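Coordinates as given in protein-v6.cif (mmCIF, C-alpha atoms and all ligand atoms):
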```
data_final
#
loop_
_atom_site.label_atom_id
_atom_site.label_comp_id
_atom_site.auth_asym_id
_atom_site.auth_seq_id
_atom_site.Cartn_x
_atom_site.Cartn_y
_atom_site.Cartn_z
CA MET A 1 0.00 0.00 0.00
CA GLU A 2 1.38 3.35 -0.99
CA VAL A 3 1.65 5.85 1.83
CA THR A 4 -0.52 8.90 1.20
CA PRO A 5 1.65 11.81 2.25
CA VAL A 6 0.01 14.30 4.59
CA LYS A 7 0.14 17.84 3.36
CA PRO A 8 2.40 19.82 5.71
CA LYS A 9 0.72 22.84 7.29
CA ASN A 10 2.72 25.96 7.93
CA SER A 11 1.37 26.69 11.37
CA GLY A 12 -1.06 25.48 14.00
CA SER A 13 -1.44 22.37 16.07
CA LYS A 14 -3.97 19.64 16.52
CA GLN A 15 -5.57 17.70 19.32
CA LEU A 16 -4.16 14.19 19.28
CA PHE A 17 -6.02 12.56 22.19
CA LYS A 18 -9.53 12.99 23.62
CA ASN A 19 -8.19 12.33 27.12
CA PRO A 20 -6.96 15.71 28.44
CA LEU A 21 -4.06 14.19 30.42
CA LEU A 22 -2.77 12.22 27.42
CA GLU A 23 -3.18 15.32 25.29
CA LYS A 24 -1.14 17.38 27.74
CA LEU A 25 1.52 14.66 27.95
CA SER A 26 1.80 14.60 24.15
CA ARG A 27 3.26 18.13 24.26
CA THR A 28 6.83 18.59 25.43
CA HIS A 29 9.09 21.58 25.83
CA ILE A 30 12.31 20.58 24.13
CA SER A 31 14.48 21.66 27.11
CA VAL A 32 12.95 18.94 29.33
CA PRO A 33 14.21 15.81 27.52
CA VAL A 34 17.45 17.54 26.46
CA THR A 35 18.33 18.45 30.06
CA LEU A 36 17.27 15.03 31.30
CA PHE A 37 19.48 13.23 28.77
CA LEU A 38 22.48 15.48 29.31
CA VAL A 39 22.27 14.91 33.09
CA MET A 40 21.81 11.13 32.67
CA GLY A 41 24.89 10.99 30.42
CA ALA A 42 26.97 13.18 32.74
CA VAL A 43 26.15 11.15 35.85
CA LEU A 44 26.88 7.80 34.20
CA GLY A 45 30.03 9.17 32.56
CA TRP A 46 31.23 10.41 35.96
CA TYR A 47 30.54 6.93 37.32
CA ALA A 48 32.61 5.39 34.51
CA PHE A 49 35.59 7.60 35.41
CA THR A 50 35.37 7.22 39.18
CA HIS A 51 33.89 3.78 39.88
CA THR A 52 35.29 1.52 37.16
CA ASP A 53 38.79 0.38 36.20
CA MET A 54 38.40 1.45 32.56
CA ALA A 55 41.26 3.56 31.19
CA ASN A 56 40.39 7.07 30.03
CA TRP A 57 41.01 6.24 26.38
CA ILE A 58 38.69 3.23 26.61
CA ILE A 59 36.01 5.44 28.10
CA GLY A 60 36.54 7.94 25.25
CA LEU A 61 36.35 5.19 22.64
CA LEU A 62 33.18 3.72 24.14
CA PHE A 63 31.63 7.21 24.28
CA ALA A 64 32.38 7.73 20.56
CA ALA A 65 30.96 4.28 19.76
CA GLY A 66 27.79 5.18 21.68
CA LEU A 67 27.41 8.36 19.62
CA LEU A 68 27.86 6.46 16.36
CA ILE A 69 25.40 3.72 17.31
CA PHE A 70 22.88 6.39 18.31
CA THR A 71 23.00 7.90 14.80
CA PHE A 72 22.21 4.43 13.42
CA VAL A 73 19.31 3.88 15.85
CA GLU A 74 17.99 7.35 14.98
CA TYR A 75 18.09 6.51 11.27
CA TRP A 76 16.63 3.02 11.65
CA THR A 77 13.79 4.10 13.95
CA HIS A 78 12.83 7.04 11.75
CA ARG A 79 12.84 4.88 8.63
CA ASN A 80 11.27 1.67 9.91
CA VAL A 81 9.19 2.62 12.96
CA TYR A 82 8.05 6.20 12.38
CA HIS A 83 7.51 5.57 8.67
CA ILE A 84 6.04 2.08 9.08
CA GLU A 85 3.75 1.27 6.17
CA PRO A 86 0.15 1.86 7.29
CA THR A 87 -1.10 -1.48 5.97
CA THR A 88 -3.67 -1.90 8.77
CA PRO A 89 -5.79 0.74 10.59
CA MET A 90 -3.79 0.06 13.77
CA ARG A 91 -0.48 0.65 12.01
CA ALA A 92 -1.87 3.79 10.42
CA LYS A 93 -2.97 5.11 13.81
CA PHE A 94 0.41 4.28 15.34
CA GLN A 95 2.24 5.97 12.45
CA TYR A 96 0.11 9.09 12.66
CA THR A 97 0.30 9.42 16.46
CA THR A 98 4.06 8.91 16.70
CA HIS A 99 5.20 10.74 13.59
CA GLY A 100 2.52 11.48 10.97
CA ILE A 101 1.33 14.41 13.06
CA HIS A 102 4.83 15.90 12.93
CA HIS A 103 4.74 15.67 9.14
CA GLU A 104 1.34 17.38 9.12
CA TYR A 105 2.39 20.12 11.57
CA PRO A 106 6.20 20.28 11.20
CA LYS A 107 6.36 23.69 12.86
CA ASP A 108 4.46 22.71 16.03
CA LYS A 109 7.32 23.19 18.49
CA ALA A 110 5.60 21.35 21.33
CA ARG A 111 5.60 18.12 19.31
CA LEU A 112 9.24 17.82 18.33
CA ALA A 113 10.19 15.36 21.08
CA MET A 114 8.46 12.38 22.58
CA PRO A 115 6.85 12.87 26.02
CA PRO A 116 9.56 12.89 28.74
CA ILE A 117 7.99 9.97 30.66
CA LEU A 118 8.14 7.81 27.54
CA ALA A 119 11.64 9.10 26.74
CA VAL A 120 12.88 8.06 30.20
CA VAL A 121 11.37 4.58 29.76
CA VAL A 122 13.08 4.28 26.36
CA ALA A 123 16.41 5.56 27.75
CA VAL A 124 16.38 3.21 30.76
CA THR A 125 15.47 0.29 28.46
CA PHE A 126 18.44 1.08 26.21
CA PHE A 127 20.77 1.33 29.21
CA GLY A 128 19.48 -2.05 30.42
CA ILE A 129 20.13 -3.64 27.02
CA PHE A 130 23.64 -2.17 26.84
CA PHE A 131 24.42 -3.26 30.41
CA VAL A 132 23.34 -6.84 29.65
CA LEU A 133 25.40 -6.83 26.43
CA MET A 134 28.59 -5.15 27.63
CA GLY A 135 28.57 -4.91 31.43
CA GLU A 136 30.30 -1.91 32.98
CA ALA A 137 31.38 -0.65 29.54
CA ALA A 138 27.78 0.56 29.32
CA TYR A 139 28.63 3.34 31.82
CA ALA A 140 30.84 4.90 29.10
CA PHE A 141 28.92 3.76 26.01
CA PHE A 142 25.50 4.96 27.18
CA PRO A 143 26.59 8.60 27.79
CA GLY A 144 27.68 8.78 24.13
CA PHE A 145 24.37 7.26 23.04
CA ILE A 146 22.19 9.53 25.17
CA TRP A 147 24.20 12.69 24.38
CA GLY A 148 23.72 11.74 20.73
CA TYR A 149 19.99 11.63 21.44
CA ALA A 150 20.12 15.08 23.08
CA GLY A 151 22.11 16.40 20.11
CA TYR A 152 19.57 14.94 17.69
CA LEU A 153 16.71 16.61 19.58
CA LEU A 154 18.50 19.97 19.47
CA VAL A 155 19.26 19.65 15.76
CA HIS A 156 15.70 18.60 14.93
CA TYR A 157 14.26 21.43 17.01
CA SER A 158 16.61 24.02 15.47
CA VAL A 159 15.89 22.83 11.94
CA HIS A 160 12.17 23.41 12.47
CA ALA A 161 12.34 26.51 14.68
CA TYR A 162 15.15 28.60 13.19
CA PRO A 163 16.33 29.66 9.71
CA PRO A 164 19.38 27.78 8.38
CA PRO A 165 22.81 29.05 9.52
CA LYS A 166 25.38 30.25 6.99
CA ASN A 167 27.88 27.46 7.64
CA VAL A 168 28.33 23.71 7.01
CA PHE A 169 25.36 22.88 9.24
CA LYS A 170 23.07 24.39 6.61
CA ALA A 171 23.17 20.95 4.92
CA LEU A 172 21.18 19.50 7.85
CA TRP A 173 18.41 22.06 7.20
CA ILE A 174 18.35 21.21 3.50
CA ASN A 175 18.35 17.43 4.13
CA HIS A 176 15.46 17.53 6.56
CA SER A 177 13.39 19.83 4.37
CA ILE A 178 13.78 17.33 1.51
CA HIS A 179 12.36 14.67 3.85
CA HIS A 180 9.45 16.90 4.87
CA TYR A 181 8.57 18.77 1.70
CA LYS A 182 9.84 16.72 -1.27
CA ASP A 183 9.94 13.03 -0.52
CA GLY A 184 9.09 11.53 2.88
CA GLU A 185 10.62 8.18 1.93
CA VAL A 186 14.21 9.44 1.68
CA VAL A 187 16.75 11.32 3.84
CA PHE A 188 15.83 9.82 7.22
CA GLY A 189 18.95 10.96 9.04
CA VAL A 190 18.45 14.22 10.95
CA SER A 191 21.61 14.65 13.02
CA SER A 192 23.80 13.32 10.17
CA PRO A 193 23.34 11.98 6.62
CA LEU A 194 25.82 9.13 7.25
CA TRP A 195 23.36 6.19 7.19
CA ASP A 196 21.41 7.64 4.26
CA TYR A 197 24.62 7.36 2.26
CA VAL A 198 25.28 3.83 3.60
CA PHE A 199 21.76 2.56 2.78
CA GLY A 200 21.19 4.59 -0.40
CA THR A 201 18.32 6.75 0.82
CA MET A 202 19.98 10.06 0.10
CA GLU A 203 18.57 10.53 -3.38
CA VAL A 204 15.08 11.79 -4.08
CA ARG A 205 13.20 9.00 -5.88
CA LYS A 206 12.06 9.53 -9.45
CA LYS A 207 8.31 9.40 -9.50
ZN ZN B 301 11.05 17.01 11.25
ZN ZN B 302 9.68 11.57 8.92
#
```
Encoding of this model in structure tokens:
Amino acid sequence: MEVTPVKPKNSGSKQLFKNPLLEKLSRTHISVPVTLFLVMGAVLGWYAFTHTDMANWIIGLLFAAGLLIFTFVEYWTHRNVYHIEPTTPMRAKFQYTTHGIHHEYPKDKARLAMPPILAVVVAVTFFGIFFVLMGEAAYAFFPGFIWGYAGYLLVHYSVHAYPPPKNVFKALWINHSIHHYKDGEVVFGVSSPLWDYVFGTMEVRKK
């Protein structure tokens, strides 16, 4: 089934839930998750330096690996979860609630990050997975991952809230506007185009 693209509106917002509490929770000020993630990363990074035997360069390497893996998770989630094909009504509802609404109201600043409660659950789940997989290395790896997440949120917010800067970062503005206004099935990377180049989703498809 071909995805019918929603026409992006230049301003405004929309009620997502009938339940007033859910509706309120669906709106987030960007500074809340960003601060939360930066603090989480700082505390665990401090723990890695002070409470483990890992050498500084190992901690640095794990941090960089966490950042890189985050950019992949960001790409993969945006492409395969947020843009899941709406083949059933349930899938369509899920797609619209988690991401379709952002494509319809890309300038609604209160809906540029997932609700903090959900974000904390997701973050703790990721830390748990990393801890099971790599033990105490997770104390250095996770800060890279979660700071990558904070960086992604800031980039995504800036791209939608501010005009493009006159430097190399302008490319991020151009890339994301291709995804929003030209072809929603390409250019999934927001914080970097790396994985779009790896998986060949950088080019606008010929229709
Ligand atoms: Zn966007
Ligand atoms: Zn999208």
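Using all atoms listed in the file, the smallest distance between any of A:Ala48, A:Val6, A:Ala42, A:Leu68 and ligand ZN 302 (chain B) comes from A:Val6.
You will find CA of Ile146 (chain A) at 20.0 Å from CA of Leu172 (chain A).
Nearest to ligand ZN 302 (chain B) of all the residues A:His83, A:Arg91, A:Lys107, A:Lys9 is A:His83, counting only C-alpha atoms and all ligand atoms.
Distance-wise, CA of Pro8 (chain A) and CA of Ser158 (chain A) end up 17.7 Å apart.
Between CA of Ala110 (chain A) and CA of Val159 (chain A) lies a distance of 14.0 Å.
Near Ser192 (chain A), within a cut-off of 9 Å and counting all atoms listed in the file, sit the residues Thr71, Tyr75, Tyr152, Leu172, Gly189, Val190, Leu194, Trp195 and Asp196 of chain A, with same-chain residues fewer than 2 positions away left out.
Those protein and nucleic acid residues that have any atom within 8 Å of ligand ZN 302 (chain B) are, using all atoms listed in the file, His78, Arg79, Tyr82, His83, His99, Gly100, His102, His103, His179, His180, Gly184, Glu185 and Phe188 of chain A.
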Export C-alpha atoms of the chosen residues as a tab-separated table (two decimals), in the frame of the given file?
```tsv
chain	number	residue	atom	x	y	z
A	78	HIS	CA	12.83	7.04	11.75
A	79	ARG	CA	12.84	4.88	8.63
A	82	TYR	CA	8.05	6.20	12.38
A	83	HIS	CA	7.51	5.57	8.67
A	99	HIS	CA	5.20	10.74	13.59
A	100	GLY	CA	2.52	11.48	10.97
A	102	HIS	CA	4.83	15.90	12.93
A	103	HIS	CA	4.74	15.67	9.14
A	179	HIS	CA	12.36	14.67	3.85
A	180	HIS	CA	9.45	16.90	4.87
A	184	GLY	CA	9.09	11.53	2.88
A	185	GLU	CA	10.62	8.18	1.93
A	188	PHE	CA	15.83	9.82	7.22
```
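Around Thr125 (chain A), within 12 Å and counting all atoms listed in the file, the residues found are A:Leu118, A:Ala119, A:Phe131, A:Val132, A:Phe142, A:Ile146, once anything fewer than 6 positions away on its own chain is removed.
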